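One file, upload.pdb, is given below (PDB, C-alpha atoms).
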ATOM      1  CA  MET A 604      -4.055   9.423 -13.628
ATOM      2  CA  LYS A 605      -0.567   8.562 -14.852
ATOM      3  CA  LEU A 606       1.745  11.547 -14.607
ATOM      4  CA  GLU A 607       3.927  12.093 -17.630
ATOM      5  CA  MET A 608       7.309  11.629 -16.056
ATOM      6  CA  ASN A 609       9.520  14.647 -15.816
ATOM      7  CA  LYS A 610      13.063  14.813 -14.681
ATOM      8  CA  ARG A 611      12.608  17.317 -11.865
ATOM      9  CA  VAL A 612       9.371  17.322  -9.913
ATOM     10  CA  PHE A 613       8.933  19.973  -7.217
ATOM     11  CA  LEU A 614       6.659  18.977  -4.345
ATOM     12  CA  ASP A 615       4.837  21.443  -2.160
ATOM     13  CA  THR A 616       4.297  20.026   1.348
ATOM     14  CA  SER A 617       0.612  19.421   0.532
ATOM     15  CA  ALA A 618       1.733  16.991  -2.187
ATOM     16  CA  PHE A 619       4.752  15.582  -0.329
ATOM     17  CA  PHE A 620       2.609  14.272   2.559
ATOM     18  CA  LYS A 621       0.558  12.115   0.210
ATOM     19  CA  GLU A 622       3.495   9.712  -0.066
ATOM     20  CA  TYR A 623       3.182   8.919   3.645
ATOM     21  CA  HIS A 624      -0.597   8.985   4.097
ATOM     22  CA  ASP A 625      -3.116   7.520   1.672
ATOM     23  CA  GLU A 626      -5.526  10.185   0.516
ATOM     24  CA  ARG A 627      -6.674  11.689  -2.782
ATOM     25  CA  GLY A 628      -3.652  11.900  -5.083
ATOM     26  CA  SER A 629      -1.443   9.425  -3.214
ATOM     27  CA  ASP A 630      -1.246   7.135  -6.261
ATOM     28  CA  ILE A 631       0.539   9.932  -8.165
ATOM     29  CA  LEU A 632       3.029  10.425  -5.327
ATOM     30  CA  HIS A 633       3.690   6.697  -4.944
ATOM     31  CA  ASP A 634       4.336   6.560  -8.685
ATOM     32  CA  ILE A 635       6.756   9.511  -8.517
ATOM     33  CA  PHE A 636       8.689   8.079  -5.566
ATOM     34  CA  ASN A 637       8.893   4.721  -7.397
ATOM     35  CA  GLN A 638      10.253   6.465 -10.483
ATOM     36  CA  THR A 639      13.104   7.951  -8.414
ATOM     37  CA  LYS A 640      14.472   4.418  -8.049
ATOM     38  CA  ASN A 641      15.312   4.141 -11.743
ATOM     39  CA  GLY A 642      16.577   7.711 -11.948
ATOM     40  CA  ARG A 643      13.757   8.929 -14.170
ATOM     41  CA  VAL A 644      12.609  11.450 -11.628
ATOM     42  CA  VAL A 645      14.365  13.700  -9.150
ATOM     43  CA  VAL A 646      12.114  14.983  -6.375
ATOM     44  CA  CYS A 647      12.851  18.591  -5.388
ATOM     45  CA  ILE A 648      11.663  20.167  -2.152
ATOM     46  CA  SER A 649      12.331  23.274  -0.119
ATOM     47  CA  VAL A 650      13.853  22.630   3.297
ATOM     48  CA  LEU A 651      10.718  24.368   4.604
ATOM     49  CA  THR A 652       8.805  21.228   3.646
ATOM     50  CA  ILE A 653      10.751  19.337   6.313
ATOM     51  CA  SER A 654       9.828  22.025   8.861
ATOM     52  CA  GLU A 655       6.181  21.851   7.817
ATOM     53  CA  MET A 656       6.199  18.051   7.896
ATOM     54  CA  LEU A 657       7.400  18.147  11.533
ATOM     55  CA  ASN A 658       4.956  20.944  12.338
ATOM     56  CA  THR A 659       2.074  18.924  10.883
ATOM     57  CA  LEU A 660       3.012  15.746  12.753
ATOM     58  CA  ASP A 661       3.307  17.722  15.990
ATOM     59  CA  LYS A 662      -0.118  19.265  15.427
ATOM     60  CA  THR A 663      -1.537  15.771  14.847
ATOM     61  CA  ARG A 664       0.056  14.657  18.134
ATOM     62  CA  ARG A 665      -1.319  17.655  20.040
ATOM     63  CA  ARG A 666      -4.786  16.725  18.783
ATOM     64  CA  HIS A 667      -4.255  13.203  20.167
ATOM     65  CA  ILE A 668      -4.613  11.646  16.725
ATOM     66  CA  ILE A 669      -1.230   9.950  17.105
ATOM     67  CA  SER A 670       0.697   9.258  20.311
ATOM     68  CA  ASP A 671       3.925  10.963  21.371
ATOM     69  CA  SER A 672       6.000   7.920  20.488
ATOM     70  CA  GLU A 673       4.253   7.410  17.139
ATOM     71  CA  CYS A 674       4.871  11.052  16.274
ATOM     72  CA  LEU A 675       8.601  10.790  16.969
ATOM     73  CA  THR A 676       9.003   7.466  15.197
ATOM     74  CA  ILE A 677       7.028   8.580  12.127
ATOM     75  CA  ALA A 678       9.097  11.805  12.010
ATOM     76  CA  ASP A 679      12.285   9.751  12.176
ATOM     77  CA  THR A 680      11.016   7.405   9.464
ATOM     78  CA  ILE A 681      10.250  10.264   7.068
ATOM     79  CA  LEU A 682      13.549  12.034   7.878
ATOM     80  CA  TYR A 683      15.404   8.779   7.234
ATOM     81  CA  ASP A 684      13.571   8.317   3.916
ATOM     82  CA  ILE A 685      14.454  11.894   2.915
ATOM     83  CA  SER A 686      18.113  11.426   3.826
ATOM     84  CA  GLU A 687      18.351   8.113   1.921
ATOM     85  CA  LEU A 688      16.723   9.606  -1.192
ATOM     86  CA  THR A 689      19.019  12.630  -0.963
ATOM     87  CA  LYS A 690      22.139  10.487  -0.637
ATOM     88  CA  LYS A 691      21.069   8.597  -3.782
ATOM     89  CA  GLU A 692      20.524  11.967  -5.516
ATOM     90  CA  ALA A 693      16.892  11.033  -6.032
ATOM     91  CA  MET A 694      15.940  14.083  -3.960
ATOM     92  CA  LYS A 695      17.271  17.627  -3.759
ATOM     93  CA  ILE A 696      16.547  19.816  -0.740
ATOM     94  CA  TYR A 697      16.823  23.533  -1.474
ATOM     95  CA  GLU A 698      17.563  26.285   1.010
ATOM     96  CA  PRO A 699      15.673  29.562   0.839
ATOM     97  CA  THR A 700      18.430  31.922  -0.293
ATOM     98  CA  GLU A 701      18.376  35.713   0.067
ATOM     99  CA  TYR A 702      17.268  35.881  -3.552
ATOM    100  CA  ILE A 703      14.343  33.508  -2.953
ATOM    101  CA  ILE A 704      13.209  35.369   0.161
ATOM    102  CA  HIS A 705      13.541  38.748  -1.538
ATOM    103  CA  SER A 706      11.604  37.559  -4.604
ATOM    104  CA  SER A 707       8.915  36.027  -2.414
ATOM    105  CA  TRP A 708       8.074  39.419  -0.865
ATOM    106  CA  ASP A 709       6.855  40.593  -4.224
ATOM    107  CA  LEU A 710       4.582  37.568  -4.579
ATOM    108  CA  ILE A 711       3.084  38.118  -1.141
ATOM    109  CA  LEU A 712       2.032  41.642  -2.120
ATOM    110  CA  THR A 713       1.074  41.089  -5.728
ATOM    111  CA  HIS A 714      -0.228  37.510  -5.762
ATOM    112  CA  HIS A 715      -1.597  37.472  -2.202
ATOM    113  CA  LEU A 716       0.193  34.265  -1.348
ATOM    114  CA  SER A 717       1.211  33.358   2.199
ATOM    115  CA  ALA A 718       4.912  33.679   3.059
ATOM    116  CA  ILE A 719       5.496  29.938   2.765
ATOM    117  CA  ASP A 720       3.412  29.565  -0.417
ATOM    118  CA  SER A 721       5.448  32.260  -2.117
ATOM    119  CA  ILE A 722       8.791  30.732  -1.050
ATOM    120  CA  GLN A 723       7.655  27.333  -2.357
ATOM    121  CA  VAL A 724       6.715  28.729  -5.782
ATOM    122  CA  ILE A 725       9.904  30.787  -6.189
ATOM    123  CA  THR A 726      12.054  27.839  -5.115
ATOM    124  CA  ALA A 727      10.317  25.595  -7.666
ATOM    125  CA  ILE A 728      10.943  28.080 -10.477
ATOM    126  CA  GLU A 729      14.512  28.887  -9.476
ATOM    127  CA  CYS A 730      15.604  25.272  -9.055
ATOM    128  CA  GLY A 731      14.534  24.612 -12.631
ATOM    129  CA  ALA A 732      11.727  22.194 -11.803
ATOM    130  CA  ASP A 733       9.763  20.869 -14.770
ATOM    131  CA  ILE A 734       6.523  20.773 -12.832
ATOM    132  CA  PHE A 735       5.129  22.003  -9.494
ATOM    133  CA  LEU A 736       2.826  19.660  -7.576
ATOM    134  CA  ALA A 737       0.492  20.773  -4.804
ATOM    135  CA  ALA A 738      -3.013  20.222  -3.474
ATOM    136  CA  ASP A 739      -4.033  23.862  -3.174
ATOM    137  CA  LYS A 740      -5.999  25.391  -6.061
ATOM    138  CA  TYR A 741      -5.074  29.028  -5.388
ATOM    139  CA  LEU A 742      -1.382  28.293  -4.927
ATOM    140  CA  LEU A 743      -1.372  26.273  -8.177
ATOM    141  CA  SER A 744      -3.188  28.968 -10.133
ATOM    142  CA  GLN A 745      -0.617  31.560  -9.046
ATOM    143  CA  ALA A 746       2.297  29.231  -9.818
ATOM    144  CA  HIS A 747       0.845  28.599 -13.286
ATOM    145  CA  GLU A 748       0.508  32.343 -13.817
ATOM    146  CA  LEU A 749       4.221  32.659 -13.048
ATOM    147  CA  GLY A 750       5.005  30.308 -15.894
ATOM    148  CA  ILE A 751       5.665  26.937 -14.287
ATOM    149  CA  ARG A 752       3.730  23.791 -15.257
ATOM    150  CA  THR A 753       1.545  22.617 -12.407
ATOM    151  CA  LEU A 754      -0.337  19.530 -11.327
ATOM    152  CA  ASN A 755      -3.129  19.515  -8.801
ATOM    153  CA  VAL A 756      -2.513  16.085  -7.274
ATOM    154  CA  GLN A 757      -5.887  16.281  -5.557
ATOM    155  CA  GLU A 758      -7.758  16.418  -8.828
ATOM    156  CA  SER A 759      -5.139  14.997 -11.228
ATOM    157  CA  GLN A 760      -5.413  18.253 -13.144
ATOM    158  CA  GLN A 761      -2.421  19.505 -15.113
ATOM    159  CA  GLN A 762      -1.914  23.074 -16.338
TER     160      GLN A 762
ATOM    161  CA  MET B 419       5.575  49.271  -1.941
ATOM    162  CA  ASN B 420       6.747  49.635  -5.511
ATOM    163  CA  SER B 421       5.574  46.186  -6.430
ATOM    164  CA  VAL B 422       1.981  46.948  -5.438
ATOM    165  CA  LYS B 423       1.920  50.110  -7.533
ATOM    166  CA  ASN B 424       3.721  48.684 -10.523
ATOM    167  CA  GLY B 425       2.455  45.139 -10.545
ATOM    168  CA  PHE B 426       4.494  42.008 -10.581
ATOM    169  CA  GLN B 427       8.241  42.585 -10.445
ATOM    170  CA  TYR B 428       9.699  39.122 -10.023
ATOM    171  CA  GLN B 429      11.346  37.571 -13.042
ATOM    172  CA  SER B 430      13.389  34.433 -12.909
ATOM    173  CA  ASN B 431      17.050  35.162 -13.383
ATOM    174  CA  ASN B 432      19.087  32.191 -14.485
ATOM    175  CA  GLU B 433      22.381  33.530 -13.181
ATOM    176  CA  LYS B 434      20.976  33.954  -9.703
ATOM    177  CA  SER B 435      19.151  30.634  -9.977
ATOM    178  CA  LYS B 436      22.449  28.850 -10.263
ATOM    179  CA  LYS B 437      23.316  30.129  -6.817
ATOM    180  CA  LEU B 438      20.601  28.049  -5.148
ATOM    181  CA  LYS B 439      22.025  26.160  -2.205
ATOM    182  CA  LEU B 440      21.345  22.569  -1.309
ATOM    183  CA  PHE B 441      20.525  21.874   2.309
ATOM    184  CA  PRO B 442      23.130  19.511   3.842
ATOM    185  CA  VAL B 443      21.727  16.020   4.277
ATOM    186  CA  GLU B 444      23.892  15.577   7.398
ATOM    187  CA  LEU B 445      21.629  18.039   9.203
ATOM    188  CA  VAL B 446      18.575  15.980   8.257
ATOM    189  CA  GLN B 447      20.278  12.850   9.557
ATOM    190  CA  SER B 448      21.258  14.582  12.787
ATOM    191  CA  MET B 449      17.554  15.013  13.607
ATOM    192  CA  ILE B 450      16.961  11.266  13.663
ATOM    193  CA  HIS B 451      17.035  10.429  17.348
ATOM    194  CA  GLU B 452      15.300   7.155  17.929
ATOM    195  CA  ASP B 453      16.761   3.710  17.448
ATOM    196  CA  LYS B 454      13.311   2.390  16.605
ATOM    197  CA  LYS B 455      12.271   3.136  13.058
ATOM    198  CA  TYR B 456       9.269   2.089  11.005
ATOM    199  CA  SER B 457       9.432   1.232   7.347
ATOM    200  CA  VAL B 458       7.657   3.780   5.163
ATOM    201  CA  GLU B 459       4.827   1.222   4.764
ATOM    202  CA  GLU B 460       4.438   0.856   8.556
ATOM    203  CA  ALA B 461       4.448   4.635   9.071
ATOM    204  CA  ARG B 462       1.822   4.971   6.345
ATOM    205  CA  LYS B 463      -0.293   2.233   7.901
ATOM    206  CA  ILE B 464      -0.274   4.004  11.300
ATOM    207  CA  LEU B 465      -1.130   7.386   9.786
ATOM    208  CA  ASN B 466      -3.866   5.788   7.663
ATOM    209  CA  SER B 467      -5.452   4.094  10.681
ATOM    210  CA  ARG B 468      -5.321   7.170  12.933
ATOM    211  CA  PHE B 469      -6.007  10.066  10.579
ATOM    212  CA  LYS B 470      -8.989  10.077   8.252
ATOM    213  CA  GLY B 471      -8.662  13.605   6.930
ATOM    214  CA  GLU B 472      -6.180  15.120   4.500
ATOM    215  CA  PHE B 473      -2.894  16.622   5.615
ATOM    216  CA  LYS B 474      -3.276  19.490   3.161
ATOM    217  CA  ASP B 475      -5.921  20.933   5.512
ATOM    218  CA  ILE B 476      -3.507  20.967   8.471
ATOM    219  CA  ILE B 477      -0.785  22.491   6.274
ATOM    220  CA  TYR B 478      -3.248  25.168   5.141
ATOM    221  CA  GLU B 479      -4.067  25.929   8.797
ATOM    222  CA  ILE B 480      -0.370  26.218   9.687
ATOM    223  CA  ARG B 481       0.314  28.566   6.767
ATOM    224  CA  ASN B 482      -2.596  30.814   7.481
ATOM    225  CA  GLU B 483      -2.871  30.880  11.275
TER     226      GLU B 483
END

File written out as structure tokens:
Amino acid sequence: MKLEMNKRVFLDTSAFFKEYHDERGSDILHDIFNQTKNGRVVVCISVLTISEMLNTLDKTRRRHIISDSECLTIADTILYDISELTKKEAMKIYEPTEYIIHSSWDLILTHHLSAIDSIQVITAIECGADIFLAADKYLLSQAHELGIRTLNVQESQQQ
Amino acid sequence: MNSVKNGFQYQSNNEKSKKLKLFPVELVQSMIHEDKKYSVEEARKILNSRFKGEFKDIIYEIRNE
């Protein structure tokens, strides 16, 4: 599926990882990252996505799927890619402000999202993203309910 | 517990939205320790050959454990 290009695309970690590992939905992510080169798309993430990326790689290492040295080098490679994209203004990394954290508490209680899920959704809305991409049906349904356009990269399904 | 009793309270507020902070890229760079670096294609090739599942499942585990 060809994603209609938007200026600001917010990636949940579940979507972000598909750029670095080929799985269902990776074609959409490769397309988005390619579009950053001509300035048609700006990728937006929460800084928590970097934490989760490292957490996920470490978990993969602890399960002996990748070696210690592969884990560190892959982490460095992704961090380098993030820093290069950010320097070119093709990526924006947002901090969870007091306002985001405070707003997320409401979502935890009313939308039954996990702490990180709720911070991701609020950050996407507050940074003015045109669309929120993830690979989690429940998270996407709640984000859509909050008024942001969504795309399930797993199923190429837009709402 | 107001929000549970009264339903959803959060409403996007443009004025506050403008106060979103960008994370300094220098801090991302400072985490890069190794001299050896793969290209994105090489990193992808290694992950593809080692891991046959989907990372969303590991992320889900981390968020809900």

Notebook entry, point to check: Quick one: of A:Leu657, A:Leu614, A:Val645, A:Ile669, who's nearest to chain B, counting all atoms listed in the file?
Noted result: A:Ile669

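Here CA of Tyr702 (chain A) and CA of Ser744 (chain A) stand 22.6 Å from one another.
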
Next item on the list: Using only C-alpha atoms, pick whichever of B:Glu459, B:Ser467, B:Glu444, B:Tyr428 has the shortest atom-to-atom distance to Leu682 (chain A).
Entry: B:Glu444

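For the pair CA of Leu465 (chain B) and CA of Tyr683 (chain A), the separation is 16.8 Å.
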
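Among the candidates A:His714, A:Cys730, A:Gln762, A:Asp671, the one nearest to Leu742 (chain A) when counting all atoms listed in the file is A:His714.
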
Item checked: Given the ChimeraX specification (/B :<8) & /A, the residues it picks as a ChimeraX atom specification -> /A:616-618,620-621,623-626,650,655,658-659,662,668-669,675-677,679-686,689-690,695-700,702,706,709-710,712-713,717-720,728-730,738-739

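If you measure from each of A:Gly628, A:Gly642, A:Val612, A:His747 to Lys691 (chain A) using all atoms listed in the file, the closest one turns out to be A:Gly642.
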
Check: Which neighbours of Arg627 (chain A) fall inside 8 Å, counting only C-alpha atoms, when residues of the same chain fewer than 4 positions from it are skipped, and could you give them as a list in words?
Finding: Lys621, Val756, Gln757 and Glu758 of chain A

Create the file for the chosen residues now, containing C-alpha atoms and written as a PDB file, in the frame of the given file.
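After the write, selection_18.pdb holds the following:
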ATOM      1  CA  LYS A 621       0.558  12.115   0.210  1.00  0.00           C
ATOM      2  CA  VAL A 756      -2.513  16.085  -7.274  1.00  0.00           C
ATOM      3  CA  GLN A 757      -5.887  16.281  -5.557  1.00  0.00           C
ATOM      4  CA  GLU A 758      -7.758  16.418  -8.828  1.00  0.00           C
TER       5      GLU A 758
END

Note to self: I'd like the interatomic distance between CA of Ile734 (chain A) and CA of Ser721 (chain A), to a tenth of an Å.
What the structure shows: 15.7 Å

Margin query: Applying the PyMOL selection byres ((chain A and resi 635) around 12) to the file I just gave you, which residues come out? Please list them as an MDAnalysis selection string.
Written below: chainID A and resid 604:614 618:619 621:622 628:634 636:647 693:694 736 756
